[in-house]
file final-v6.cif (mmCIF, C-alpha atoms and all ligand atoms)
data_data
loop_
_atom_site.label_atom_id
_atom_site.label_comp_id
_atom_site.auth_asym_id
_atom_site.auth_seq_id
_atom_site.Cartn_x
_atom_site.Cartn_y
_atom_site.Cartn_z
CA MET A 1 -93.79 20.70 -21.40
CA LYS A 2 -90.83 18.92 -23.06
CA SER A 3 -88.44 17.09 -20.80
CA ILE A 4 -84.67 16.86 -21.21
CA LEU A 5 -82.29 14.42 -19.53
CA ILE A 6 -78.83 15.86 -18.87
CA VAL A 7 -75.87 13.62 -18.04
CA ASP A 8 -72.60 14.83 -16.50
CA ASP A 9 -70.43 13.69 -13.62
CA LYS A 10 -69.67 17.25 -12.55
CA THR A 11 -72.45 18.67 -10.41
CA GLU A 12 -71.57 22.26 -11.27
CA ASN A 13 -72.01 21.51 -15.00
CA LEU A 14 -75.33 19.81 -14.33
CA TYR A 15 -76.44 22.73 -12.25
CA LEU A 16 -75.63 25.35 -14.90
CA LEU A 17 -77.30 23.48 -17.74
CA GLN A 18 -80.30 22.64 -15.60
CA ALA A 19 -80.75 26.30 -14.69
CA LEU A 20 -80.51 27.35 -18.33
CA LEU A 21 -83.00 24.74 -19.59
CA GLN A 22 -85.47 25.26 -16.76
CA GLY A 23 -85.29 28.98 -17.42
CA LYS A 24 -86.45 28.24 -20.98
CA GLY A 25 -89.40 26.19 -19.73
CA TYR A 26 -88.04 22.64 -20.07
CA ARG A 27 -88.51 19.94 -17.45
CA VAL A 28 -85.08 18.59 -16.52
CA GLN A 29 -83.92 15.22 -15.24
CA THR A 30 -80.25 14.71 -14.29
CA ALA A 31 -77.88 11.74 -14.17
CA ALA A 32 -74.19 11.50 -13.15
CA ASN A 33 -73.14 8.85 -15.70
CA GLY A 34 -74.38 6.67 -18.56
CA GLU A 35 -75.68 3.90 -16.37
CA GLU A 36 -77.80 6.29 -14.28
CA ALA A 37 -79.01 7.94 -17.47
CA LEU A 38 -80.23 4.65 -18.96
CA ALA A 39 -82.07 3.78 -15.74
CA ALA A 40 -83.68 7.23 -15.56
CA ALA A 41 -84.71 7.19 -19.23
CA ARG A 42 -86.17 3.68 -19.00
CA ALA A 43 -88.20 4.76 -15.94
CA GLU A 44 -89.43 7.93 -17.64
CA ALA A 45 -88.49 8.59 -21.25
CA PRO A 46 -87.30 12.18 -21.92
CA ASP A 47 -87.84 14.07 -25.20
CA LEU A 48 -84.09 14.60 -25.62
CA VAL A 49 -80.83 13.65 -23.91
CA ILE A 50 -77.72 15.81 -23.59
CA THR A 51 -74.56 14.13 -22.35
CA ASP A 52 -70.91 14.70 -21.54
CA ILE A 53 -68.29 12.17 -22.77
CA LEU A 54 -65.77 11.31 -20.06
CA MET A 55 -67.64 10.02 -17.01
CA PRO A 56 -67.00 7.20 -14.55
CA VAL A 57 -69.05 3.94 -14.59
CA MET A 58 -70.33 4.47 -18.16
CA ASP A 59 -69.02 7.13 -20.55
CA GLY A 60 -71.05 9.09 -23.08
CA PHE A 61 -69.99 7.00 -26.12
CA THR A 62 -71.15 3.75 -24.50
CA LEU A 63 -74.35 5.46 -23.43
CA CYS A 64 -75.01 6.56 -27.02
CA ARG A 65 -74.45 3.03 -28.34
CA GLU A 66 -76.73 1.47 -25.72
CA TRP A 67 -79.31 4.19 -26.30
CA ARG A 68 -79.50 3.57 -30.01
CA GLN A 69 -79.72 -0.19 -29.54
CA ASP A 70 -82.67 0.06 -27.13
CA ALA A 71 -85.84 0.07 -29.23
CA SER A 72 -87.80 2.24 -26.81
CA LEU A 73 -85.04 4.86 -26.46
CA ALA A 74 -83.67 4.85 -30.03
CA PRO A 75 -86.10 7.45 -31.45
CA ILE A 76 -85.21 9.99 -28.74
CA PRO A 77 -82.74 12.62 -30.03
CA PHE A 78 -79.23 12.26 -28.59
CA VAL A 79 -76.90 15.24 -28.15
CA PHE A 80 -73.27 15.36 -26.98
CA TYR A 81 -72.25 18.53 -25.17
CA THR A 82 -68.62 18.40 -24.18
CA ALA A 83 -65.44 20.38 -23.85
CA THR A 84 -63.09 17.65 -22.78
CA TYR A 85 -60.26 17.82 -25.32
CA THR A 86 -62.59 17.76 -28.26
CA GLU A 87 -61.14 16.99 -31.66
CA LYS A 88 -62.60 16.46 -35.09
CA HIS A 89 -62.46 12.67 -34.91
CA ASP A 90 -64.34 12.71 -31.55
CA GLU A 91 -67.22 14.36 -33.36
CA GLU A 92 -67.03 11.94 -36.27
CA PHE A 93 -66.97 9.01 -33.91
CA ALA A 94 -69.93 10.38 -31.90
CA LEU A 95 -72.02 10.95 -35.02
CA GLY A 96 -71.02 7.51 -36.27
CA LEU A 97 -72.51 6.09 -33.09
CA GLY A 98 -75.84 7.63 -33.97
CA ALA A 99 -75.75 10.97 -32.14
CA ASP A 100 -77.95 13.71 -33.63
CA LEU A 101 -75.70 16.57 -32.66
CA PHE A 102 -72.25 17.25 -31.25
CA LEU A 103 -71.98 20.54 -29.37
CA VAL A 104 -68.69 21.94 -28.07
CA LYS A 105 -68.48 23.97 -24.88
CA PRO A 106 -68.56 26.79 -24.17
CA MET A 107 -71.60 27.91 -26.13
CA GLU A 108 -73.67 31.04 -25.96
CA PRO A 109 -76.86 30.07 -24.08
CA ASP A 110 -79.12 31.40 -26.87
CA ALA A 111 -77.21 29.49 -29.56
CA MET A 112 -77.43 26.34 -27.53
CA ILE A 113 -81.17 26.67 -26.93
CA ALA A 114 -81.66 27.35 -30.66
CA GLU A 115 -79.84 24.08 -31.49
CA ILE A 116 -81.92 22.13 -28.99
CA GLU A 117 -85.15 23.59 -30.35
CA ARG A 118 -84.07 22.72 -33.87
CA ILE A 119 -83.42 19.08 -32.94
CA LEU A 120 -86.66 18.80 -31.00
CA ALA A 121 -88.64 20.26 -33.89
CA ARG A 122 -87.33 17.53 -36.17
CA GLY A 123 -89.30 14.94 -34.17
CA PRO A 124 -88.11 11.37 -33.55
CA SER A 125 -84.50 10.69 -34.46
CA SER A 126 -83.87 8.38 -37.37
CA ARG A 127 -80.21 7.94 -36.56
CA ARG A 128 -79.07 4.45 -35.53
CA THR A 129 -75.84 2.73 -34.44
CA PRO A 130 -74.72 -0.04 -36.77
CA ALA A 131 -76.57 -3.20 -35.68
CA ALA A 132 -75.16 -4.97 -32.64
CA GLY A 133 -73.66 -8.39 -33.24
CA ALA A 134 -72.34 -7.59 -36.68
CA ALA A 135 -68.77 -8.77 -36.08
CA GLN A 136 -67.27 -6.31 -38.52
CA SER A 137 -68.94 -3.27 -36.99
CA ASP A 138 -68.33 -4.43 -33.42
CA GLU A 139 -64.65 -4.76 -34.08
CA ALA A 140 -64.43 -1.44 -35.87
CA TYR A 141 -66.39 0.20 -33.07
CA LEU A 142 -64.11 -1.17 -30.35
CA ARG A 143 -60.97 -0.13 -32.20
CA GLN A 144 -62.17 3.39 -32.75
CA TYR A 145 -63.63 3.63 -29.26
CA ASN A 146 -60.26 2.67 -27.74
CA GLU A 147 -58.39 5.13 -29.91
CA VAL A 148 -60.67 8.01 -29.07
CA LEU A 149 -60.75 7.26 -25.35
CA VAL A 150 -57.00 6.66 -25.03
CA HIS A 151 -56.42 9.96 -26.78
CA LYS A 152 -58.78 11.74 -24.44
CA LEU A 153 -57.18 10.14 -21.41
CA GLU A 154 -53.71 11.16 -22.58
CA ASP A 155 -54.92 14.74 -22.82
CA LYS A 156 -56.50 14.48 -19.43
CA VAL A 157 -53.27 13.13 -17.88
CA ALA A 158 -51.33 16.01 -19.45
CA ASP A 159 -53.90 18.40 -18.02
CA MET A 160 -53.63 16.87 -14.58
CA GLU A 161 -49.83 17.09 -14.72
CA ARG A 162 -50.15 20.78 -15.49
CA ALA A 163 -52.56 21.22 -12.58
CA ASN A 164 -50.19 19.28 -10.36
CA ALA A 165 -47.26 21.54 -11.28
CA GLU A 166 -49.41 24.57 -10.48
CA LEU A 167 -50.36 23.09 -7.11
CA ARG A 168 -46.72 22.40 -6.30
CA ALA A 169 -45.83 26.00 -7.12
CA LEU A 170 -48.66 27.23 -4.91
CA ASP A 171 -47.56 24.92 -2.13
CA MET A 172 -44.05 26.37 -2.32
CA MET A 173 -45.46 29.87 -2.16
CA LYS A 174 -47.51 28.95 0.88
CA ASN A 175 -44.49 27.48 2.61
CA THR A 176 -42.32 30.50 1.84
CA LEU A 177 -45.03 32.77 3.19
CA LEU A 178 -45.40 30.68 6.33
CA MET A 179 -41.64 30.60 6.85
CA ASN A 180 -41.33 34.36 6.41
CA VAL A 181 -44.24 35.11 8.70
CA THR A 182 -42.99 32.79 11.39
CA HIS A 183 -39.42 34.16 11.22
CA GLU A 184 -40.81 37.67 11.44
CA LEU A 185 -42.72 36.64 14.55
CA ARG A 186 -39.81 34.86 16.16
CA THR A 187 -37.33 37.74 16.14
CA PRO A 188 -39.43 40.28 18.08
CA LEU A 189 -40.57 37.55 20.47
CA LEU A 190 -36.96 36.76 21.35
CA VAL A 191 -36.42 40.45 22.11
CA VAL A 192 -39.52 40.51 24.38
CA LYS A 193 -38.30 37.38 26.13
CA GLY A 194 -34.86 38.90 26.65
CA TYR A 195 -36.33 42.04 28.25
CA ALA A 196 -38.71 39.98 30.43
CA GLU A 197 -35.68 38.05 31.72
CA LEU A 198 -33.61 41.17 32.23
CA ILE A 199 -36.31 43.00 34.18
CA GLY A 200 -37.22 39.84 36.13
CA SER A 201 -33.59 39.34 37.18
CA GLY A 202 -33.49 42.81 38.76
CA ARG A 203 -30.40 43.72 36.73
CA SER A 204 -32.05 46.73 35.15
CA GLY A 205 -33.30 48.15 38.47
CA PRO A 206 -34.94 47.07 41.73
CA ILE A 207 -38.25 45.21 41.31
CA THR A 208 -41.00 43.96 43.61
CA GLU A 209 -41.90 40.30 44.02
CA THR A 210 -45.11 40.88 42.03
CA ILE A 211 -43.16 42.26 39.08
CA SER A 212 -40.81 39.29 39.26
CA HIS A 213 -43.80 36.92 39.00
CA GLN A 214 -45.26 38.90 36.15
CA CYS A 215 -41.95 38.67 34.29
CA VAL A 216 -41.93 34.90 34.75
CA ALA A 217 -45.48 34.69 33.37
CA MET A 218 -44.41 36.81 30.37
CA ARG A 219 -41.40 34.60 29.72
CA ASN A 220 -43.47 31.43 29.96
CA ASN A 221 -46.01 32.67 27.47
CA VAL A 222 -43.36 33.89 25.06
CA ASP A 223 -41.74 30.46 25.31
CA ARG A 224 -45.03 28.85 24.44
CA LEU A 225 -45.39 31.05 21.36
CA LEU A 226 -41.79 30.33 20.31
CA HIS A 227 -42.44 26.62 20.68
CA THR A 228 -45.56 26.83 18.51
CA ILE A 229 -43.63 28.80 15.88
CA SER A 230 -40.86 26.15 15.82
CA ASN A 231 -43.45 23.45 15.25
CA LEU A 232 -45.03 25.47 12.43
CA ILE A 233 -41.67 26.04 10.74
CA PHE A 234 -40.89 22.36 10.97
CA LEU A 235 -44.25 21.46 9.49
CA ALA A 236 -44.21 24.14 6.79
CA ASP A 237 -40.89 23.23 5.34
CA PRO A 238 -39.58 19.79 6.26
CA ALA A 239 -37.28 19.88 3.22
CA SER A 240 -35.47 23.00 4.38
CA ALA A 241 -35.44 21.64 7.94
CA GLU A 242 -33.72 18.61 6.38
CA LYS A 243 -31.12 20.83 4.67
CA THR A 244 -30.22 22.70 7.84
CA ARG A 245 -29.75 19.52 9.86
CA SER A 246 -26.49 19.16 11.65
CA VAL A 247 -25.71 15.69 12.87
CA GLU A 248 -23.07 15.46 15.60
CA THR A 249 -22.10 13.17 18.44
CA LEU A 250 -23.99 14.52 21.41
CA ASP A 251 -24.76 13.88 25.04
CA LEU A 252 -28.44 12.95 25.20
CA GLY A 253 -28.53 13.77 28.91
CA GLU A 254 -27.63 17.39 28.15
CA VAL A 255 -30.50 17.66 25.67
CA LEU A 256 -32.91 16.23 28.24
CA GLU A 257 -31.74 18.71 30.90
CA ILE A 258 -32.47 21.67 28.58
CA ALA A 259 -35.92 20.28 27.74
CA ILE A 260 -36.69 19.70 31.43
CA GLU A 261 -35.57 23.26 32.22
CA CYS A 262 -38.05 24.55 29.62
CA VAL A 263 -41.01 22.87 31.31
CA ARG A 264 -39.88 23.13 34.92
CA MET A 265 -41.64 26.39 35.62
CA LYS A 266 -44.92 25.27 34.12
CA ALA A 267 -44.73 21.96 36.02
CA GLY A 268 -43.95 23.79 39.25
CA GLU A 269 -46.96 26.07 38.86
CA LYS A 270 -49.22 23.04 38.32
CA GLY A 271 -47.68 21.02 41.13
CA VAL A 272 -46.39 18.31 38.79
CA GLU A 273 -43.07 16.75 39.77
CA VAL A 274 -40.54 16.13 36.99
CA ARG A 275 -38.01 13.32 37.61
CA ARG A 276 -34.91 12.36 35.67
CA GLU A 277 -33.62 8.78 35.65
CA GLY A 278 -31.38 6.45 33.66
CA GLU A 279 -27.88 6.10 32.26
CA PRO A 280 -25.77 8.65 30.35
CA ILE A 281 -25.99 8.17 26.58
CA THR A 282 -24.07 9.64 23.67
CA LEU A 283 -25.33 9.23 20.14
CA LYS A 284 -25.19 10.81 16.69
CA GLY A 285 -28.07 13.15 16.05
CA ASP A 286 -29.33 16.66 15.41
CA ARG A 287 -29.37 18.55 18.71
CA ASN A 288 -32.21 20.93 17.79
CA GLU A 289 -34.42 18.18 16.45
CA LEU A 290 -33.90 15.96 19.47
CA LEU A 291 -34.55 18.88 21.78
CA THR A 292 -37.79 19.64 19.93
CA ALA A 293 -38.88 15.99 20.13
CA VAL A 294 -38.17 15.60 23.85
CA PHE A 295 -39.63 19.01 24.60
CA ASN A 296 -42.86 18.17 22.74
CA LEU A 297 -43.22 14.93 24.72
CA LEU A 298 -42.42 16.59 28.04
CA ASP A 299 -44.64 19.56 27.38
CA ASN A 300 -47.56 17.20 26.69
CA ALA A 301 -46.79 15.09 29.75
CA VAL A 302 -46.93 18.18 31.99
CA LYS A 303 -49.94 19.57 30.12
CA PHE A 304 -52.03 16.41 30.50
CA THR A 305 -51.05 15.56 34.08
CA PRO A 306 -53.06 17.11 36.90
CA GLY A 307 -51.39 18.63 40.00
CA GLY A 308 -49.82 16.06 42.33
CA GLY A 309 -48.83 13.87 39.36
CA ILE A 310 -45.36 12.79 38.31
CA VAL A 311 -43.55 12.99 34.97
CA THR A 312 -40.48 10.78 34.65
CA VAL A 313 -37.88 11.15 31.90
CA SER A 314 -35.50 8.25 31.62
CA THR A 315 -32.82 7.09 29.21
CA GLY A 316 -31.56 3.63 28.41
CA ARG A 317 -30.11 1.33 25.75
CA GLU A 318 -31.78 -1.69 24.29
CA ALA A 319 -30.96 -3.93 21.34
CA GLY A 320 -28.61 -1.45 19.67
CA THR A 321 -30.97 1.52 20.18
CA ALA A 322 -31.04 4.48 22.52
CA ARG A 323 -34.31 5.17 24.27
CA VAL A 324 -35.87 8.19 25.88
CA VAL A 325 -38.94 7.32 27.90
CA VAL A 326 -41.35 10.08 28.97
CA ALA A 327 -43.91 8.64 31.38
CA ASP A 328 -46.67 10.53 33.15
CA THR A 329 -49.38 9.74 35.66
CA GLY A 330 -51.88 11.94 33.79
CA ILE A 331 -55.23 11.58 32.08
CA GLY A 332 -54.07 8.86 29.63
CA ILE A 333 -55.20 8.24 26.05
CA ALA A 334 -58.00 5.86 25.04
CA ALA A 335 -56.95 2.90 22.85
CA GLU A 336 -59.00 4.14 19.84
CA GLU A 337 -57.20 7.53 19.93
CA GLN A 338 -53.66 6.20 20.16
CA GLN A 339 -53.00 6.07 16.40
CA ARG A 340 -54.76 9.30 15.54
CA ILE A 341 -52.91 11.58 17.98
CA PHE A 342 -49.83 11.31 15.73
CA GLU A 343 -51.72 12.94 12.85
CA ASN A 344 -51.12 16.64 12.28
CA PHE A 345 -53.70 18.90 13.97
CA TYR A 346 -55.42 15.99 15.72
CA GLN A 347 -56.34 16.55 19.36
CA VAL A 348 -58.39 14.22 21.53
CA ASP A 349 -60.23 17.19 22.96
CA SER A 350 -60.22 19.92 20.35
CA SER A 351 -62.96 22.04 21.92
CA THR A 352 -62.14 25.71 22.04
CA THR A 353 -62.94 25.62 25.73
CA ARG A 354 -60.14 23.19 26.51
CA ARG A 355 -57.50 24.76 28.67
CA SER A 356 -54.40 22.91 27.57
CA GLY A 357 -53.56 24.92 24.43
CA GLY A 358 -51.48 23.60 21.52
CA LEU A 359 -52.20 23.03 17.85
CA GLY A 360 -52.07 19.25 17.62
CA LEU A 361 -48.72 19.32 15.78
CA GLY A 362 -46.29 18.16 18.45
CA LEU A 363 -46.56 14.39 18.14
CA GLY A 364 -46.50 14.35 14.32
CA ILE A 365 -43.21 16.24 14.57
CA VAL A 366 -41.86 13.85 17.21
CA ARG A 367 -42.59 10.97 14.88
CA THR A 368 -40.85 12.66 11.93
CA ILE A 369 -37.80 13.43 14.07
CA ALA A 370 -37.68 9.84 15.39
CA GLU A 371 -37.75 8.54 11.80
CA ARG A 372 -34.97 10.94 10.79
CA HIS A 373 -32.89 9.37 13.55
CA GLY A 374 -33.47 5.88 12.21
CA GLY A 375 -36.07 5.17 14.87
CA ARG A 376 -39.70 5.43 15.88
CA ILE A 377 -42.04 6.49 18.66
CA GLU A 378 -44.07 4.05 20.72
CA LEU A 379 -46.94 4.67 23.09
CA ALA A 380 -48.45 2.71 25.95
CA SER A 381 -51.38 4.37 27.68
CA ALA A 382 -54.66 3.76 29.46
CA THR A 383 -57.37 6.31 30.22
CA GLY A 384 -56.99 7.68 33.72
CA LYS A 385 -53.73 5.83 34.34
CA GLY A 386 -51.18 7.93 32.43
CA SER A 387 -49.12 7.61 29.27
CA THR A 388 -45.64 6.38 28.41
CA PHE A 389 -44.06 7.61 25.18
CA THR A 390 -40.83 5.85 24.15
CA LEU A 391 -38.59 7.61 21.66
CA ILE A 392 -36.45 4.94 20.04
CA LEU A 393 -33.33 6.22 18.27
CA SER A 394 -30.62 4.52 16.30
CA ALA A 395 -27.67 4.35 18.69
CA GLY A 396 -25.10 4.57 15.86
P1 LIG B 1 -51.02 19.33 21.19
O1 LIG B 1 -50.39 18.87 22.46
O2 LIG B 1 -50.49 20.61 20.67
O3 LIG B 1 -52.52 19.27 21.22
P2 LIG B 1 -49.81 16.92 20.06
O4 LIG B 1 -49.65 16.45 18.65
O5 LIG B 1 -48.55 17.07 20.85
O6 LIG B 1 -50.61 18.28 20.03
O7 LIG B 1 -50.77 15.92 20.79
C1 LIG B 1 -51.98 15.55 20.20
C2 LIG B 1 -52.99 15.13 21.23
O8 LIG B 1 -52.58 13.91 21.85
C3 LIG B 1 -53.16 16.10 22.38
O9 LIG B 1 -54.04 17.16 22.04
C4 LIG B 1 -53.75 15.20 23.44
O10 LIG B 1 -55.13 15.01 23.19
C5 LIG B 1 -53.04 13.87 23.18
N1 LIG B 1 -51.85 13.71 24.07
C6 LIG B 1 -50.55 13.91 23.73
N2 LIG B 1 -49.74 13.63 24.77
C7 LIG B 1 -50.53 13.24 25.78
C8 LIG B 1 -50.28 12.82 27.14
N3 LIG B 1 -49.05 12.72 27.65
N4 LIG B 1 -51.37 12.50 27.91
C9 LIG B 1 -52.62 12.57 27.40
N5 LIG B 1 -52.92 12.97 26.14
C10 LIG B 1 -51.89 13.29 25.34
#

call {"tool": "encode", "arguments": {"input": "final-v6.cif", "output": "structure tokens"}}
result
Amino acid sequence: MKSILIVDDKTENLYLLQALLQGKGYRVQTAANGEEALAAARAEAPDLVITDILMPVMDGFTLCREWRQDASLAPIPFVFYTATYTEKHDEEFALGLGADLFLVKPMEPDAMIAEIERILARGPSSRRTPAAGAAQSDEAYLRQYNEVLVHKLEDKVADMERANAELRALDMMKNTLLMNVTHELRTPLLVVKGYAELIGSGRSGPITETISHQCVAMRNNVDRLLHTISNLIFLADPASAEKTRSVETLDLGEVLEIAIECVRMKAGEKGVEVRREGEPITLKGDRNELLTAVFNLLDNAVKFTPGGGIVTVSTGREAGTARVVVADTGIGIAAEEQQRIFENFYQVDSSTTRRSGGLGLGLGIVRTIAERHGGRIELASATGKGSTFTLILSAG
């Protein structure tokens, strides 16, 4: 049984060619680049080698040159099989290096097998690379080699730019879709929330205490969904979030009060006390963004603090910055997790059985918002002792 060595850095190409050749009764060895191919062939010489051109570590041209200069490998027929931006001078260059055949993809399987059989039937190859060491030929080789490779790389860069443009277009489509879907979800949810509040307030007719509680539960859950949707919108389209920013001089205390109001019910149900401390602060910022940031921090603080615990929100000024500190007496965050929790979708406990909910987006958004306000977010925490997040904002 004849054996063939195939060389390609793309596993799917190797796989296809391997399947075709094995189907025709050949034994097949594979290698991912020229260097691996040389090692494999020196360990067990094949009857023929088929190689791609552009590969990392050692490309097909260099492999061909080395192959032809190795006395034990030189008689083995050498075939290029490539589609990467093939031009006439690539073929000339390859044949000049001593290749027996230059095949261009894609090829009909039968035609390809016929070519391979033809080369194998010819017996040992008599083709050789010009002798190594001959200064003239070395120099000519290097010049041509550079030209051919640079040309190929230019084509490859152009190809990658095209692929990049396509990806950007797809990314925009994805964002538009996400924005539309989330807006479509938000509108009906606001209606549901409005009705839950109306019924719960007793303004649309007398209600029992049980119904009042059920309305509160409905409102809380709708709020949670709305909060998740806001985070998704922010993540999906930061550029449009940037465009709709409205920076004004605002009272930070007011923003904190709204955020506290949003978590008060959930904290009350859990038996977590929420305290407010510190001095009044006015600064320039985007009200919605700051509300989202403080809400995300507070929501986490309540979420990760067991009943009986305390969450303290305080404000202060330091070294020309305004600070919002959200401290809790909750479960804390291990030192090795403290960087990672700011990554999108990262959660310390991501098991589906965890009860705290969330998507792992909140802190990444807090960080982005802090940066948009000329600041940053800092964390001090120890497992079992609680966490303190400090939102540092430019006071200007
Ligand atoms: P989410 O809260 O939706 O999971 P976040 O990005 O807001 O996403 O937080 C990421 C992770 O960081 C959380 O899942 C949790 O593991 C951890 N974390 C955040 N805040 C706290 C906190 N106050 N106490 C303990 N762990 C926290």

call {"tool": "closest_atom_pairs", "arguments": {"input": "final-v6.cif", "of": "chain A", "to": "ligand LIG 1 (chain B)", "cutoff": "8 Å", "atoms": "all atoms listed in the file", "output": "Markdown table"}}
result
| residue | atom | partner | partner_atom | distance |
| --- | --- | --- | --- | --- |
| A:Asn296 | CA | B:LIG1 | O5 | 6.1 |
| A:Leu297 | CA | B:LIG1 | N2 | 6.6 |
| A:Leu298 | CA | B:LIG1 | N3 | 7.7 |
| A:Asp299 | CA | B:LIG1 | O1 | 7.6 |
| A:Asn300 | CA | B:LIG1 | N2 | 4.6 |
| A:Ala301 | CA | B:LIG1 | N3 | 3.9 |
| A:Val302 | CA | B:LIG1 | N3 | 7.3 |
| A:Lys303 | CA | B:LIG1 | N3 | 7.3 |
| A:Phe304 | CA | B:LIG1 | N4 | 4.7 |
| A:Thr305 | CA | B:LIG1 | N4 | 6.9 |
| A:Ala327 | CA | B:LIG1 | N3 | 7.5 |
| A:Asp328 | CA | B:LIG1 | N3 | 6.4 |
| A:Gly330 | CA | B:LIG1 | N4 | 5.9 |
| A:Ile331 | CA | B:LIG1 | C9 | 5.4 |
| A:Gly332 | CA | B:LIG1 | C9 | 4.6 |
| A:Ile333 | CA | B:LIG1 | C9 | 5.2 |
| A:Gln338 | CA | B:LIG1 | O8 | 8.0 |
| A:Ile341 | CA | B:LIG1 | O8 | 4.5 |
| A:Phe342 | CA | B:LIG1 | O4 | 5.9 |
| A:Glu343 | CA | B:LIG1 | O4 | 7.1 |
| A:Asn344 | CA | B:LIG1 | O4 | 6.5 |
| A:Phe345 | CA | B:LIG1 | O4 | 6.7 |
| A:Tyr346 | CA | B:LIG1 | C1 | 5.7 |
| A:Gln347 | CA | B:LIG1 | O9 | 3.6 |
| A:Val348 | CA | B:LIG1 | O10 | 3.7 |
| A:Asp349 | CA | B:LIG1 | O10 | 5.6 |
| A:Ser350 | CA | B:LIG1 | O9 | 7.0 |
| A:Ser356 | CA | B:LIG1 | O3 | 7.6 |
| A:Gly357 | CA | B:LIG1 | O2 | 6.5 |
| A:Gly358 | CA | B:LIG1 | O2 | 3.3 |
| A:Leu359 | CA | B:LIG1 | O2 | 4.1 |
| A:Gly360 | CA | B:LIG1 | O6 | 3.0 |
| A:Leu361 | CA | B:LIG1 | O4 | 4.2 |
| A:Gly362 | CA | B:LIG1 | O5 | 3.5 |
| A:Leu363 | CA | B:LIG1 | O4 | 3.7 |
| A:Gly364 | CA | B:LIG1 | O4 | 5.8 |
| A:Ile365 | CA | B:LIG1 | O4 | 7.6 |
| A:Gly386 | CA | B:LIG1 | N4 | 6.4 |
| A:Ser387 | CA | B:LIG1 | N3 | 5.4 |
| A:Thr388 | CA | B:LIG1 | N3 | 7.2 |
| A:Phe389 | CA | B:LIG1 | N3 | 7.6 |

call {"tool": "residues_near_point", "arguments": {"input": "final-v6.cif", "point": "(-41.7, 12.0, 34.6)", "cutoff": "7 Å", "atoms": "all atoms listed in the file", "output": "PDB file with C-alpha atoms, in the frame of the given file"}}
result
ATOM      1  CA  VAL A 274     -40.540  16.130  36.990  1.00  0.00           C
ATOM      2  CA  ARG A 275     -38.010  13.320  37.610  1.00  0.00           C
ATOM      3  CA  ARG A 276     -34.910  12.360  35.670  1.00  0.00           C
ATOM      4  CA  ILE A 310     -45.360  12.790  38.310  1.00  0.00           C
ATOM      5  CA  VAL A 311     -43.550  12.990  34.970  1.00  0.00           C
ATOM      6  CA  THR A 312     -40.480  10.780  34.650  1.00  0.00           C
ATOM      7  CA  VAL A 313     -37.880  11.150  31.900  1.00  0.00           C
ATOM      8  CA  VAL A 326     -41.350  10.080  28.970  1.00  0.00           C
ATOM      9  CA  ALA A 327     -43.910   8.640  31.380  1.00  0.00           C
ATOM     10  CA  ASP A 328     -46.670  10.530  33.150  1.00  0.00           C
TER      11      ASP A 328
END

call {"tool": "residues_around", "arguments": {"input": "final-v6.cif", "residues": "stretch 368-372 of chain A", "least_positions_apart": "5", "cutoff": "9 Å", "atoms": "all atoms listed in the file", "output": "count of residues only"}}
result
12

call {"tool": "atom_distance", "arguments": {"input": "final-v6.cif", "atom1": "atom CA of A:Leu226", "atom2": "atom CA of A:Arg186"}}
result
6.5 Å

call {"tool": "atom_distance", "arguments": {"input": "final-v6.cif", "atom1": "atom CA of A:Glu269", "atom2": "atom CA of A:Glu209"}}
result
16.0 Å

call {"tool": "atom_distance", "arguments": {"input": "final-v6.cif", "atom1": "atom CA of A:Glu115", "atom2": "atom CA of A:Val57"}}
result
28.4 Å

call {"tool": "closest_residue", "arguments": {"input": "final-v6.cif", "among": "A:Ala236, A:Ala40, A:Ile50, A:Ala380", "to": "A:Leu14", "atoms": "all atoms listed in the file"}}
result
A:Ile50

call {"tool": "residues_near_point", "arguments": {"input": "final-v6.cif", "point": "(-82.7, 20.7, -33.7)", "cutoff": "12 Å", "atoms": "only C-alpha atoms", "output": "list in words"}}
result
Asp47, Leu48, Pro77, Phe78, Val79, Asp100, Leu101, Phe102, Leu103, Ala111, Met112, Ile113, Ala114, Glu115, Ile116, Glu117, Arg118, Ile119, Leu120, Ala121, Arg122, Gly123, Pro124 and Ser125 of chain A

call {"tool": "closest_residue", "arguments": {"input": "final-v6.cif", "among": "A:Val247, A:Leu54, A:Leu190, A:Leu198", "to": "A:Leu225", "atoms": "only C-alpha atoms"}}
result
A:Leu190

call {"tool": "residues_around", "arguments": {"input": "final-v6.cif", "residues": "A:Gln22", "least_positions_apart": "6", "cutoff": "12 Å", "atoms": "only C-alpha atoms", "output": "PyMOL selection string"}}
result
chain A and resi 1-6+14-16+28-29+113

call {"tool": "residues_around", "arguments": {"input": "final-v6.cif", "residues": "stretch 280-284 of chain A", "least_positions_apart": "5", "cutoff": "9 Å", "atoms": "all atoms listed in the file", "output": "number ranges by chain"}}
result
A: 247-253, 315-317, 322, 373, 393-396

call {"tool": "closest_residue", "arguments": {"input": "final-v6.cif", "among": "A:Gly278, A:Gly309, A:Glu36, A:Arg162", "to": "A:Val325", "atoms": "all atoms listed in the file"}}
result
A:Gly278
